[in-house]
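Q: Have a look at this one.
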Amino acid sequence: MGFQLSGGDARRMRVRSQLLTGSDLLPAGVVQRAVALQGQDLPAVLRAVALRSEPGTTVADVRAAFNDGALVRSWPMRGTLFATTPEHLGTLLFFTAERIHRATVRRREELGLDERTVGRARDVLLEALQIRPLRRAEVLSLWDAAGIPTAGGPGYHLLMHLAVAGHVHWGQFHPDRPEQLLTLSPDHSPADPEAALATVVRGFVLARGPVTEADLAWWAKLPRAVLRRAAAAVEDLTTVEVDGTPAWIIGDPDLPTVTGAVLLPGFDEWILGYTDRSLTTSPAVFEALVPGRNGIFRPAVVVDGVTVGTWRLPRSTARSGTEPVVDLVERIPAAARRAIDQAVAAWPHG
């Protein structure tokens, strides 16, 4: 029988695991600890890393970690971009690349991307990247000029396919534009794959626990048998029970106190790091976060481990100012409202 946790205990432990109130880590350390963070929305993931870092960390500091090569962005587990480290990317692709390529065979056929076309696209791109990193628009123009049409889907799929193959990733930022450049990927295949996967599993649990085996399998997109083997190699993995459901944490249970309020960017791991969000987010709040289940995850307001609503910046900052506008879904007490007001006042508006 595992250590018994109430839902409230587990929620507050997640706040601490997720570093939602900050840490003493630099941006690269935050991502190294978490393995990977949802990165399809680039401004959101920069903010997600910054708020989990040491006090005073800015989005510019996170960008600098990408410019230095400590952080990269790619498709390590599925057709979704993540921010990660070069080493974690190498480990994840070692286990996932073949499966992703198999799963997307039909899509390549639909797009007219046969093996010869993919090979030509790879060769043209890698030759150009030997000279310098490229903007996305430059890559697509390069392929179009080589007679490889990119409009309507082939271009995006080729980018993902070649990144999954380990050839390229999104790295440093363009000096004059808010976009990343595509760059060559050095080989970071793990020397000991099983040990490296155990490190990934430990990082996932450490940065999100308590989590279930189902959460891990959903996030990593790997067979449960493979993940169970890796979990068995994590010496400080601890089994607990959250309202009777088995879950994992790292180390001994240490119950935190009330955690206050925090504003999270869209597409945050607080929501997207789990297959079951019911511990922290009610159906009504989830509907507000993802209206119509359209795949766009809005910024979240969290109080003491409970997601209570969404927030947004005003459409016209000249008329309305730059403070976030909170849209509550859950009914909350006055003390929680005051905590949210403090979080709004502390939001780093630039």
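So you can find residues: chains in the structure tokens are A, B, ... in the order shown, residues in each start at 1, and ligands are numbered from 1 in order.
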Running DSSP on the backbone, which parts of segment 233-346 of chain A land in alpha helix (DSSP H), as a PDB file with all heavy atoms, in the first residue's frame?
A:
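Result went into selection_14.pdb, see below:
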```pdb
ATOM      1  N   GLU A 269       2.639  22.804 -19.336  1.00  0.00           N
ATOM      2  CA  GLU A 269       2.708  21.426 -18.857  1.00  0.00           C
ATOM      3  C   GLU A 269       1.786  21.181 -17.666  1.00  0.00           C
ATOM      4  O   GLU A 269       1.474  20.036 -17.355  1.00  0.00           O
ATOM      5  CB  GLU A 269       4.140  21.054 -18.479  1.00  0.00           C
ATOM      6  CG  GLU A 269       5.086  20.890 -19.643  1.00  0.00           C
ATOM      7  CD  GLU A 269       4.882  19.587 -20.395  1.00  0.00           C
ATOM      8  OE1 GLU A 269       4.646  18.548 -19.748  1.00  0.00           O
ATOM      9  OE2 GLU A 269       4.983  19.601 -21.641  1.00  0.00           O
ATOM     10  N   TRP A 270       1.367  22.233 -16.976  1.00  0.00           N
ATOM     11  CA  TRP A 270       0.409  22.063 -15.883  1.00  0.00           C
ATOM     12  C   TRP A 270      -0.857  21.372 -16.371  1.00  0.00           C
ATOM     13  O   TRP A 270      -1.467  20.581 -15.649  1.00  0.00           O
ATOM     14  CB  TRP A 270       0.071  23.427 -15.284  1.00  0.00           C
ATOM     15  CG  TRP A 270      -0.975  23.380 -14.215  1.00  0.00           C
ATOM     16  CD1 TRP A 270      -2.283  23.763 -14.323  1.00  0.00           C
ATOM     17  CD2 TRP A 270      -0.805  22.914 -12.868  1.00  0.00           C
ATOM     18  NE1 TRP A 270      -2.938  23.570 -13.127  1.00  0.00           N
ATOM     19  CE2 TRP A 270      -2.049  23.054 -12.215  1.00  0.00           C
ATOM     20  CE3 TRP A 270       0.276  22.410 -12.155  1.00  0.00           C
ATOM     21  CZ2 TRP A 270      -2.239  22.701 -10.883  1.00  0.00           C
ATOM     22  CZ3 TRP A 270       0.095  22.054 -10.827  1.00  0.00           C
ATOM     23  CH2 TRP A 270      -1.148  22.196 -10.200  1.00  0.00           C
ATOM     24  N   ILE A 271      -1.224  21.633 -17.611  1.00  0.00           N
ATOM     25  CA  ILE A 271      -2.384  20.989 -18.222  1.00  0.00           C
ATOM     26  C   ILE A 271      -1.945  19.873 -19.152  1.00  0.00           C
ATOM     27  O   ILE A 271      -2.454  18.741 -19.087  1.00  0.00           O
ATOM     28  CB  ILE A 271      -3.221  22.021 -19.017  1.00  0.00           C
ATOM     29  CG1 ILE A 271      -3.720  23.137 -18.095  1.00  0.00           C
ATOM     30  CG2 ILE A 271      -4.388  21.329 -19.723  1.00  0.00           C
ATOM     31  CD1 ILE A 271      -4.689  22.684 -17.033  1.00  0.00           C
ATOM     32  N   LEU A 272      -0.957  20.134 -20.010  1.00  0.00           N
ATOM     33  CA  LEU A 272      -0.609  19.206 -21.088  1.00  0.00           C
ATOM     34  C   LEU A 272       0.374  18.115 -20.671  1.00  0.00           C
ATOM     35  O   LEU A 272       0.706  17.254 -21.475  1.00  0.00           O
ATOM     36  CB  LEU A 272      -0.038  19.994 -22.270  1.00  0.00           C
ATOM     37  CG  LEU A 272      -1.101  20.793 -23.027  1.00  0.00           C
ATOM     38  CD1 LEU A 272      -0.463  21.792 -23.975  1.00  0.00           C
ATOM     39  CD2 LEU A 272      -2.008  19.866 -23.800  1.00  0.00           C
ATOM     40  N   PRO A 283     -14.167  19.969 -15.490  1.00  0.00           N
ATOM     41  CA  PRO A 283     -14.612  19.998 -16.892  1.00  0.00           C
ATOM     42  C   PRO A 283     -14.972  21.401 -17.378  1.00  0.00           C
ATOM     43  O   PRO A 283     -14.691  21.765 -18.516  1.00  0.00           O
ATOM     44  CB  PRO A 283     -15.828  19.070 -16.886  1.00  0.00           C
ATOM     45  CG  PRO A 283     -15.576  18.120 -15.761  1.00  0.00           C
ATOM     46  CD  PRO A 283     -14.887  18.938 -14.716  1.00  0.00           C
ATOM     47  N   ALA A 284     -15.596  22.197 -16.514  1.00  0.00           N
ATOM     48  CA  ALA A 284     -15.981  23.553 -16.919  1.00  0.00           C
ATOM     49  C   ALA A 284     -14.756  24.417 -17.194  1.00  0.00           C
ATOM     50  O   ALA A 284     -14.724  25.187 -18.168  1.00  0.00           O
ATOM     51  CB  ALA A 284     -16.851  24.191 -15.843  1.00  0.00           C
ATOM     52  N   VAL A 285     -13.742  24.301 -16.346  1.00  0.00           N
ATOM     53  CA  VAL A 285     -12.525  25.084 -16.563  1.00  0.00           C
ATOM     54  C   VAL A 285     -11.784  24.578 -17.801  1.00  0.00           C
ATOM     55  O   VAL A 285     -11.261  25.377 -18.590  1.00  0.00           O
ATOM     56  CB  VAL A 285     -11.616  25.030 -15.320  1.00  0.00           C
ATOM     57  CG1 VAL A 285     -10.272  25.703 -15.605  1.00  0.00           C
ATOM     58  CG2 VAL A 285     -12.291  25.711 -14.141  1.00  0.00           C
ATOM     59  N   PHE A 286     -11.759  23.263 -17.985  1.00  0.00           N
ATOM     60  CA  PHE A 286     -11.072  22.728 -19.163  1.00  0.00           C
ATOM     61  C   PHE A 286     -11.746  23.227 -20.438  1.00  0.00           C
ATOM     62  O   PHE A 286     -11.065  23.544 -21.424  1.00  0.00           O
ATOM     63  CB  PHE A 286     -11.050  21.203 -19.124  1.00  0.00           C
ATOM     64  CG  PHE A 286     -10.167  20.606 -20.191  1.00  0.00           C
ATOM     65  CD1 PHE A 286      -8.792  20.628 -20.051  1.00  0.00           C
ATOM     66  CD2 PHE A 286     -10.711  20.041 -21.326  1.00  0.00           C
ATOM     67  CE1 PHE A 286      -7.967  20.097 -21.037  1.00  0.00           C
ATOM     68  CE2 PHE A 286      -9.909  19.505 -22.313  1.00  0.00           C
ATOM     69  CZ  PHE A 286      -8.523  19.534 -22.164  1.00  0.00           C
ATOM     70  N   GLU A 287     -13.053  23.315 -20.426  1.00  0.00           N
ATOM     71  CA  GLU A 287     -13.765  23.845 -21.600  1.00  0.00           C
ATOM     72  C   GLU A 287     -13.385  25.299 -21.853  1.00  0.00           C
ATOM     73  O   GLU A 287     -13.244  25.725 -23.003  1.00  0.00           O
ATOM     74  CB  GLU A 287     -15.275  23.720 -21.397  1.00  0.00           C
ATOM     75  CG  GLU A 287     -16.105  24.279 -22.535  1.00  0.00           C
ATOM     76  CD  GLU A 287     -15.891  23.569 -23.858  1.00  0.00           C
ATOM     77  OE1 GLU A 287     -15.582  22.351 -23.850  1.00  0.00           O
ATOM     78  OE2 GLU A 287     -16.029  24.232 -24.915  1.00  0.00           O
ATOM     79  N   ALA A 288     -13.181  26.061 -20.780  1.00  0.00           N
ATOM     80  CA  ALA A 288     -12.753  27.451 -20.948  1.00  0.00           C
ATOM     81  C   ALA A 288     -11.318  27.536 -21.457  1.00  0.00           C
ATOM     82  O   ALA A 288     -10.977  28.436 -22.231  1.00  0.00           O
ATOM     83  CB  ALA A 288     -12.883  28.200 -19.621  1.00  0.00           C
ATOM     84  N   LEU A 289     -10.489  26.591 -21.027  1.00  0.00           N
ATOM     85  CA  LEU A 289      -9.095  26.568 -21.483  1.00  0.00           C
ATOM     86  C   LEU A 289      -8.980  26.170 -22.946  1.00  0.00           C
ATOM     87  O   LEU A 289      -8.100  26.666 -23.663  1.00  0.00           O
ATOM     88  CB  LEU A 289      -8.275  25.588 -20.633  1.00  0.00           C
ATOM     89  CG  LEU A 289      -7.977  25.987 -19.197  1.00  0.00           C
ATOM     90  CD1 LEU A 289      -7.332  24.821 -18.457  1.00  0.00           C
ATOM     91  CD2 LEU A 289      -7.051  27.207 -19.157  1.00  0.00           C
ATOM     92  N   THR A 317      -3.806  47.619 -25.723  1.00  0.00           N
ATOM     93  CA  THR A 317      -3.052  48.012 -24.530  1.00  0.00           C
ATOM     94  C   THR A 317      -3.016  49.520 -24.367  1.00  0.00           C
ATOM     95  O   THR A 317      -2.878  50.025 -23.261  1.00  0.00           O
ATOM     96  CB  THR A 317      -1.615  47.463 -24.620  1.00  0.00           C
ATOM     97  OG1 THR A 317      -1.005  47.939 -25.833  1.00  0.00           O
ATOM     98  CG2 THR A 317      -1.613  45.951 -24.612  1.00  0.00           C
ATOM     99  N   ALA A 318      -3.163  50.252 -25.453  1.00  0.00           N
ATOM    100  CA  ALA A 318      -3.147  51.714 -25.344  1.00  0.00           C
ATOM    101  C   ALA A 318      -4.350  52.201 -24.550  1.00  0.00           C
ATOM    102  O   ALA A 318      -4.265  53.169 -23.791  1.00  0.00           O
ATOM    103  CB  ALA A 318      -3.155  52.338 -26.741  1.00  0.00           C
ATOM    104  N   ARG A 319      -5.484  51.529 -24.710  1.00  0.00           N
ATOM    105  CA  ARG A 319      -6.709  51.952 -24.032  1.00  0.00           C
ATOM    106  C   ARG A 319      -6.871  51.271 -22.680  1.00  0.00           C
ATOM    107  O   ARG A 319      -7.383  51.862 -21.740  1.00  0.00           O
ATOM    108  CB  ARG A 319      -7.918  51.640 -24.917  1.00  0.00           C
ATOM    109  CG  ARG A 319      -9.232  52.131 -24.310  1.00  0.00           C
ATOM    110  CD  ARG A 319     -10.399  51.973 -25.281  1.00  0.00           C
ATOM    111  NE  ARG A 319     -10.681  50.576 -25.581  1.00  0.00           N
ATOM    112  CZ  ARG A 319     -10.452  50.001 -26.746  1.00  0.00           C
ATOM    113  NH1 ARG A 319      -9.913  50.694 -27.735  1.00  0.00           N
ATOM    114  NH2 ARG A 319     -10.729  48.722 -26.967  1.00  0.00           N
ATOM    115  N   SER A 320      -6.406  50.024 -22.587  1.00  0.00           N
ATOM    116  CA  SER A 320      -6.737  49.224 -21.412  1.00  0.00           C
ATOM    117  C   SER A 320      -5.560  48.953 -20.490  1.00  0.00           C
ATOM    118  O   SER A 320      -5.720  48.337 -19.460  1.00  0.00           O
ATOM    119  CB  SER A 320      -7.321  47.870 -21.868  1.00  0.00           C
ATOM    120  OG  SER A 320      -8.369  48.061 -22.771  1.00  0.00           O
ATOM    121  N   ALA A 334     -12.665  35.201  -1.054  1.00  0.00           N
ATOM    122  CA  ALA A 334     -12.032  36.510  -1.185  1.00  0.00           C
ATOM    123  C   ALA A 334     -10.511  36.424  -1.075  1.00  0.00           C
ATOM    124  O   ALA A 334      -9.786  37.144  -1.776  1.00  0.00           O
ATOM    125  CB  ALA A 334     -12.592  37.460  -0.123  1.00  0.00           C
ATOM    126  N   ALA A 335      -9.998  35.548  -0.218  1.00  0.00           N
ATOM    127  CA  ALA A 335      -8.549  35.429  -0.057  1.00  0.00           C
ATOM    128  C   ALA A 335      -7.892  34.954  -1.356  1.00  0.00           C
ATOM    129  O   ALA A 335      -6.804  35.424  -1.723  1.00  0.00           O
ATOM    130  CB  ALA A 335      -8.222  34.463   1.078  1.00  0.00           C
ATOM    131  N   ALA A 336      -8.553  34.042  -2.056  1.00  0.00           N
ATOM    132  CA  ALA A 336      -8.024  33.571  -3.330  1.00  0.00           C
ATOM    133  C   ALA A 336      -8.059  34.678  -4.371  1.00  0.00           C
ATOM    134  O   ALA A 336      -7.137  34.817  -5.191  1.00  0.00           O
ATOM    135  CB  ALA A 336      -8.819  32.360  -3.820  1.00  0.00           C
ATOM    136  N   ARG A 337      -9.106  35.485  -4.349  1.00  0.00           N
ATOM    137  CA  ARG A 337      -9.192  36.612  -5.283  1.00  0.00           C
ATOM    138  C   ARG A 337      -8.055  37.595  -5.032  1.00  0.00           C
ATOM    139  O   ARG A 337      -7.459  38.130  -5.968  1.00  0.00           O
ATOM    140  CB  ARG A 337     -10.548  37.294  -5.107  1.00  0.00           C
ATOM    141  CG  ARG A 337     -10.795  38.498  -5.973  1.00  0.00           C
ATOM    142  CD  ARG A 337     -10.984  38.126  -7.427  1.00  0.00           C
ATOM    143  NE  ARG A 337      -9.897  38.592  -8.268  1.00  0.00           N
ATOM    144  CZ  ARG A 337      -9.963  38.664  -9.581  1.00  0.00           C
ATOM    145  NH1 ARG A 337     -11.073  38.292 -10.198  1.00  0.00           N
ATOM    146  NH2 ARG A 337      -8.948  39.086 -10.277  1.00  0.00           N
ATOM    147  N   ARG A 338      -7.748  37.824  -3.761  1.00  0.00           N
ATOM    148  CA  ARG A 338      -6.637  38.729  -3.440  1.00  0.00           C
ATOM    149  C   ARG A 338      -5.310  38.145  -3.921  1.00  0.00           C
ATOM    150  O   ARG A 338      -4.439  38.879  -4.414  1.00  0.00           O
ATOM    151  CB  ARG A 338      -6.592  39.004  -1.940  1.00  0.00           C
ATOM    152  CG  ARG A 338      -7.732  39.885  -1.437  1.00  0.00           C
ATOM    153  CD  ARG A 338      -7.474  40.382  -0.025  1.00  0.00           C
ATOM    154  NE  ARG A 338      -7.448  39.281   0.948  1.00  0.00           N
ATOM    155  CZ  ARG A 338      -8.529  38.834   1.588  1.00  0.00           C
ATOM    156  NH1 ARG A 338      -9.720  39.373   1.336  1.00  0.00           N
ATOM    157  NH2 ARG A 338      -8.419  37.856   2.466  1.00  0.00           N
ATOM    158  N   ALA A 339      -5.147  36.832  -3.801  1.00  0.00           N
ATOM    159  CA  ALA A 339      -3.916  36.193  -4.275  1.00  0.00           C
ATOM    160  C   ALA A 339      -3.778  36.338  -5.790  1.00  0.00           C
ATOM    161  O   ALA A 339      -2.672  36.566  -6.310  1.00  0.00           O
ATOM    162  CB  ALA A 339      -3.907  34.716  -3.872  1.00  0.00           C
ATOM    163  N   ILE A 340      -4.895  36.212  -6.499  1.00  0.00           N
ATOM    164  CA  ILE A 340      -4.862  36.396  -7.954  1.00  0.00           C
ATOM    165  C   ILE A 340      -4.495  37.833  -8.297  1.00  0.00           C
ATOM    166  O   ILE A 340      -3.685  38.089  -9.202  1.00  0.00           O
ATOM    167  CB  ILE A 340      -6.218  36.007  -8.573  1.00  0.00           C
ATOM    168  CG1 ILE A 340      -6.452  34.509  -8.430  1.00  0.00           C
ATOM    169  CG2 ILE A 340      -6.264  36.418 -10.045  1.00  0.00           C
ATOM    170  CD1 ILE A 340      -7.838  34.062  -8.863  1.00  0.00           C
ATOM    171  N   ASP A 341      -5.070  38.792  -7.580  1.00  0.00           N
ATOM    172  CA  ASP A 341      -4.747  40.196  -7.828  1.00  0.00           C
ATOM    173  C   ASP A 341      -3.254  40.451  -7.630  1.00  0.00           C
ATOM    174  O   ASP A 341      -2.628  41.205  -8.397  1.00  0.00           O
ATOM    175  CB  ASP A 341      -5.557  41.097  -6.898  1.00  0.00           C
ATOM    176  CG  ASP A 341      -7.046  41.111  -7.229  1.00  0.00           C
ATOM    177  OD1 ASP A 341      -7.397  40.734  -8.374  1.00  0.00           O
ATOM    178  OD2 ASP A 341      -7.850  41.499  -6.351  1.00  0.00           O
ATOM    179  N   GLN A 342      -2.670  39.809  -6.635  1.00  0.00           N
ATOM    180  CA  GLN A 342      -1.230  39.953  -6.423  1.00  0.00           C
ATOM    181  C   GLN A 342      -0.441  39.345  -7.585  1.00  0.00           C
ATOM    182  O   GLN A 342       0.575  39.912  -8.017  1.00  0.00           O
ATOM    183  CB  GLN A 342      -0.834  39.291  -5.098  1.00  0.00           C
ATOM    184  CG  GLN A 342      -1.366  39.998  -3.856  1.00  0.00           C
ATOM    185  CD  GLN A 342      -1.124  39.209  -2.586  1.00  0.00           C
ATOM    186  OE1 GLN A 342      -0.609  38.090  -2.612  1.00  0.00           O
ATOM    187  NE2 GLN A 342      -1.485  39.793  -1.452  1.00  0.00           N
ATOM    188  N   ALA A 343      -0.895  38.213  -8.092  1.00  0.00           N
ATOM    189  CA  ALA A 343      -0.223  37.583  -9.229  1.00  0.00           C
ATOM    190  C   ALA A 343      -0.321  38.453 -10.471  1.00  0.00           C
ATOM    191  O   ALA A 343       0.638  38.575 -11.242  1.00  0.00           O
ATOM    192  CB  ALA A 343      -0.825  36.202  -9.497  1.00  0.00           C
ATOM    193  N   VAL A 344      -1.478  39.070 -10.680  1.00  0.00           N
ATOM    194  CA  VAL A 344      -1.647  39.992 -11.814  1.00  0.00           C
ATOM    195  C   VAL A 344      -0.705  41.172 -11.681  1.00  0.00           C
ATOM    196  O   VAL A 344      -0.033  41.576 -12.639  1.00  0.00           O
ATOM    197  CB  VAL A 344      -3.118  40.459 -11.901  1.00  0.00           C
ATOM    198  CG1 VAL A 344      -3.249  41.640 -12.865  1.00  0.00           C
ATOM    199  CG2 VAL A 344      -4.008  39.304 -12.333  1.00  0.00           C
ATOM    200  N   ALA A 345      -0.627  41.748 -10.470  1.00  0.00           N
ATOM    201  CA  ALA A 345       0.245  42.906 -10.256  1.00  0.00           C
ATOM    202  C   ALA A 345       1.708  42.550 -10.463  1.00  0.00           C
ATOM    203  O   ALA A 345       2.511  43.399 -10.883  1.00  0.00           O
ATOM    204  CB  ALA A 345       0.019  43.453  -8.850  1.00  0.00           C
ATOM    205  N   ALA A 346       2.069  41.278 -10.187  1.00  0.00           N
ATOM    206  CA  ALA A 346       3.469  40.861 -10.310  1.00  0.00           C
ATOM    207  C   ALA A 346       3.824  40.365 -11.703  1.00  0.00           C
ATOM    208  O   ALA A 346       4.979  40.058 -11.971  1.00  0.00           O
ATOM    209  CB  ALA A 346       3.753  39.756  -9.286  1.00  0.00           C
TER     210      ALA A 346
END
```
Q: Residues of segment 203-310 of chain A that have any atom at most 12 Å from an atom of segment 81-93 of chain A: could you tabulate them with the shortest-distance atom pair and the distance in Å to one decimal, using only C-alpha atoms, ordered by chain and increasing number, as CSV?
A:
```
residue,atom,partner,partner_atom,distance
A:Gly203,CA,A:His88,CA,10.2
A:Phe204,CA,A:His88,CA,11.5
A:Trp219,CA,A:Phe82,CA,11.3
A:Ala220,CA,A:Leu92,CA,8.3
A:Lys221,CA,A:Leu92,CA,10.1
A:Leu222,CA,A:Leu92,CA,9.8
A:Phe267,CA,A:Phe82,CA,10.6
A:Asp268,CA,A:Phe82,CA,11.0
A:Glu269,CA,A:Phe82,CA,10.6
A:Leu272,CA,A:Phe82,CA,11.4
A:Gly273,CA,A:Phe82,CA,11.6
```
Q: Selected residues, all heavy atoms, written as an mmCIF file, in the first residue's frame, please.
A:
```
data_model
loop_
_atom_site.group_PDB
_atom_site.id
_atom_site.type_symbol
_atom_site.label_atom_id
_atom_site.label_comp_id
_atom_site.auth_asym_id
_atom_site.auth_seq_id
_atom_site.Cartn_x
_atom_site.Cartn_y
_atom_site.Cartn_z
ATOM 1 N N GLY A 203 12.957 12.295 -14.751
ATOM 2 C CA GLY A 203 12.706 13.714 -14.953
ATOM 3 C C GLY A 203 11.234 14.025 -15.131
ATOM 4 O O GLY A 203 10.726 15.017 -14.592
ATOM 5 N N PHE A 204 10.543 13.172 -15.874
ATOM 6 C CA PHE A 204 9.103 13.388 -16.060
ATOM 7 C C PHE A 204 8.382 13.371 -14.720
ATOM 8 O O PHE A 204 7.557 14.241 -14.435
ATOM 9 C CB PHE A 204 8.521 12.313 -16.978
ATOM 10 C CG PHE A 204 7.026 12.400 -17.119
ATOM 11 C CD1 PHE A 204 6.444 13.292 -18.005
ATOM 12 C CD2 PHE A 204 6.189 11.607 -16.338
ATOM 13 C CE1 PHE A 204 5.061 13.406 -18.112
ATOM 14 C CE2 PHE A 204 4.811 11.706 -16.439
ATOM 15 C CZ PHE A 204 4.250 12.606 -17.333
ATOM 16 N N TRP A 219 2.311 10.883 -22.378
ATOM 17 C CA TRP A 219 3.258 11.956 -22.661
ATOM 18 C C TRP A 219 4.413 11.467 -23.538
ATOM 19 O O TRP A 219 4.763 12.107 -24.529
ATOM 20 C CB TRP A 219 3.780 12.512 -21.345
ATOM 21 C CG TRP A 219 4.670 13.716 -21.457
ATOM 22 C CD1 TRP A 219 4.269 15.022 -21.515
ATOM 23 C CD2 TRP A 219 6.100 13.730 -21.477
ATOM 24 N NE1 TRP A 219 5.370 15.846 -21.583
ATOM 25 C CE2 TRP A 219 6.505 15.084 -21.561
ATOM 26 C CE3 TRP A 219 7.075 12.736 -21.433
ATOM 27 C CZ2 TRP A 219 7.850 15.463 -21.600
ATOM 28 C CZ3 TRP A 219 8.411 13.103 -21.488
ATOM 29 C CH2 TRP A 219 8.788 14.459 -21.564
ATOM 30 N N ALA A 220 4.982 10.330 -23.185
ATOM 31 C CA ALA A 220 6.164 9.840 -23.893
ATOM 32 C C ALA A 220 5.823 9.120 -25.190
ATOM 33 O O ALA A 220 6.689 8.967 -26.058
ATOM 34 C CB ALA A 220 6.958 8.897 -22.987
ATOM 35 N N LYS A 221 4.599 8.652 -25.305
ATOM 36 C CA LYS A 221 4.165 7.900 -26.492
ATOM 37 C C LYS A 221 5.060 6.683 -26.738
ATOM 38 O O LYS A 221 5.481 6.406 -27.859
ATOM 39 C CB LYS A 221 4.140 8.812 -27.722
ATOM 40 C CG LYS A 221 3.081 9.902 -27.652
ATOM 41 C CD LYS A 221 1.677 9.298 -27.665
ATOM 42 C CE LYS A 221 0.584 10.367 -27.770
ATOM 43 N NZ LYS A 221 0.406 11.116 -26.514
ATOM 44 N N LEU A 222 5.343 5.972 -25.655
ATOM 45 C CA LEU A 222 6.122 4.741 -25.725
ATOM 46 C C LEU A 222 5.332 3.615 -25.066
ATOM 47 O O LEU A 222 4.474 3.861 -24.211
ATOM 48 C CB LEU A 222 7.468 4.901 -25.014
ATOM 49 C CG LEU A 222 8.495 5.798 -25.710
ATOM 50 C CD1 LEU A 222 9.692 6.030 -24.808
ATOM 51 C CD2 LEU A 222 8.931 5.177 -27.038
ATOM 52 N N PHE A 267 -0.718 26.473 -23.318
ATOM 53 C CA PHE A 267 -0.022 25.229 -23.648
ATOM 54 C C PHE A 267 0.969 24.817 -22.555
ATOM 55 O O PHE A 267 2.039 24.271 -22.844
ATOM 56 C CB PHE A 267 0.725 25.358 -24.983
ATOM 57 C CG PHE A 267 -0.165 25.543 -26.178
ATOM 58 C CD1 PHE A 267 -0.492 26.801 -26.622
ATOM 59 C CD2 PHE A 267 -0.686 24.445 -26.855
ATOM 60 C CE1 PHE A 267 -1.312 26.991 -27.720
ATOM 61 C CE2 PHE A 267 -1.509 24.612 -27.959
ATOM 62 C CZ PHE A 267 -1.827 25.888 -28.389
ATOM 63 N N ASP A 268 0.629 25.076 -21.311
ATOM 64 C CA ASP A 268 1.578 24.786 -20.240
ATOM 65 C C ASP A 268 1.500 23.325 -19.822
ATOM 66 O O ASP A 268 0.449 22.683 -19.885
ATOM 67 C CB ASP A 268 1.305 25.682 -19.034
ATOM 68 C CG ASP A 268 2.467 25.708 -18.067
ATOM 69 O OD1 ASP A 268 3.397 26.505 -18.279
ATOM 70 O OD2 ASP A 268 2.461 24.910 -17.099
ATOM 71 N N GLU A 269 2.639 22.804 -19.336
ATOM 72 C CA GLU A 269 2.708 21.426 -18.857
ATOM 73 C C GLU A 269 1.786 21.181 -17.666
ATOM 74 O O GLU A 269 1.474 20.036 -17.355
ATOM 75 C CB GLU A 269 4.140 21.054 -18.479
ATOM 76 C CG GLU A 269 5.086 20.890 -19.643
ATOM 77 C CD GLU A 269 4.882 19.587 -20.395
ATOM 78 O OE1 GLU A 269 4.646 18.548 -19.748
ATOM 79 O OE2 GLU A 269 4.983 19.601 -21.641
ATOM 80 N N LEU A 272 -0.957 20.134 -20.010
ATOM 81 C CA LEU A 272 -0.609 19.206 -21.088
ATOM 82 C C LEU A 272 0.374 18.115 -20.671
ATOM 83 O O LEU A 272 0.706 17.254 -21.475
ATOM 84 C CB LEU A 272 -0.038 19.994 -22.270
ATOM 85 C CG LEU A 272 -1.101 20.793 -23.027
ATOM 86 C CD1 LEU A 272 -0.463 21.792 -23.975
ATOM 87 C CD2 LEU A 272 -2.008 19.866 -23.800
ATOM 88 N N GLY A 273 0.825 18.134 -19.423
ATOM 89 C CA GLY A 273 1.731 17.089 -18.968
ATOM 90 C C GLY A 273 1.030 15.835 -18.480
ATOM 91 O O GLY A 273 1.687 14.898 -18.018
#
```
Q: Write out as a list of chain:residue names the residues lying within 8 Å of segment 176-190 of chain A, counting only C-alpha atoms and excluding same-chain residues fewer than 6 positions away.
A: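 After dropping sequence-adjacent residues, the list is A:Pro86, A:Glu87, A:Leu89, A:Gly90, A:Thr91, A:Phe94, A:Leu126, A:Leu129, A:Gln130, A:Arg132, A:Pro133, A:Leu134, A:Arg135, A:Arg136, A:Gly166, A:His167, A:Val168, A:His169, A:Trp170, A:Ala196.
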Q: For each of A:Pro27, A:Pro333, A:Gly305, A:Gly292, take the minimum atom-to-atom distance to Val62 of chain A, counting only C-alpha atoms, then give the residue where this is smallest.
A: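 The answer is A:Pro27, which sits nearest to Val62 of chain A.
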Q: Write out as a list in words which residues come within 10 Å of Thr307 of chain A when counting only C-alpha atoms, dropping same-chain ones fewer than 2 positions away.
A: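 Close residues of Thr307 of chain A: Ala261, Val262, Leu263, Leu264, Trp270, Ile271, Arg277, Leu279, Thr280, Thr281, Ser282, Val285, Phe286, Leu289, Ala300, Val301, Val302, Val303, Asp304, Gly305, Gly309, Thr310, Leu328, Val329 and Glu330 of chain A.
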Q: Which is closer to Val306 of chain A than all the others in A:Thr212, A:Thr239, A:Thr245, A:Thr259, using only C-alpha atoms?
A: A:Thr259
Q: I need the residues in segment 34-192 of chain A that are strand (DSSP E or B) according to DSSP; give them as a list in words.
A: Ala36, Leu37, Gln38, Val72, Arg73, Ser74, Phe82, Ala83, Thr84, Leu134, Val168, His169, Trp170, Gly171, Gln172, Phe173, Gln180, Leu181, Leu182, Thr183 and Leu184 of chain A
Q: Using only C-alpha atoms, which of A:Arg14, A:Arg120, A:Arg33, A:Arg102 sits nearest Asp144 of chain A?
A: A:Arg120
Q: Nearest to Gly209 of chain A: which of A:Ala137, A:Leu237, A:Leu37, A:Ala232 is it, counting only C-alpha atoms?
A: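 Comparing A:Ala137, A:Leu237, A:Leu37, A:Ala232 against Gly209 of chain A, the winner is A:Leu237.
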Q: For Asp123 of chain A, which residue out of A:Asp252, A:Ala60, A:Ile148, A:Leu19 is the nearest one, using only C-alpha atoms?
A: A:Ile148
Q: Show me, as a list in words, the residues that have an atom within 10 Å of Ser6 of chain A when counting only C-alpha atoms, minus same-chain residues fewer than 5 positions from it.
A: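 In the requested format, the answer is Arg11, Glu241, Val242, Asp243 and Gly244 of chain A.
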Q: Could you turn the residues from that selection into a file that holds C-alpha atoms, as a CSV table (one decimal), in the first residue's frame?
A:
```
chain,number,residue,atom,x,y,z
A,11,ARG,CA,-2.3,19.3,-6.1
A,241,GLU,CA,-1.9,6.7,-3.7
A,242,VAL,CA,-3.9,9.8,-4.6
A,243,ASP,CA,-7.5,9.3,-3.4
A,244,GLY,CA,-6.9,5.6,-3.9
```
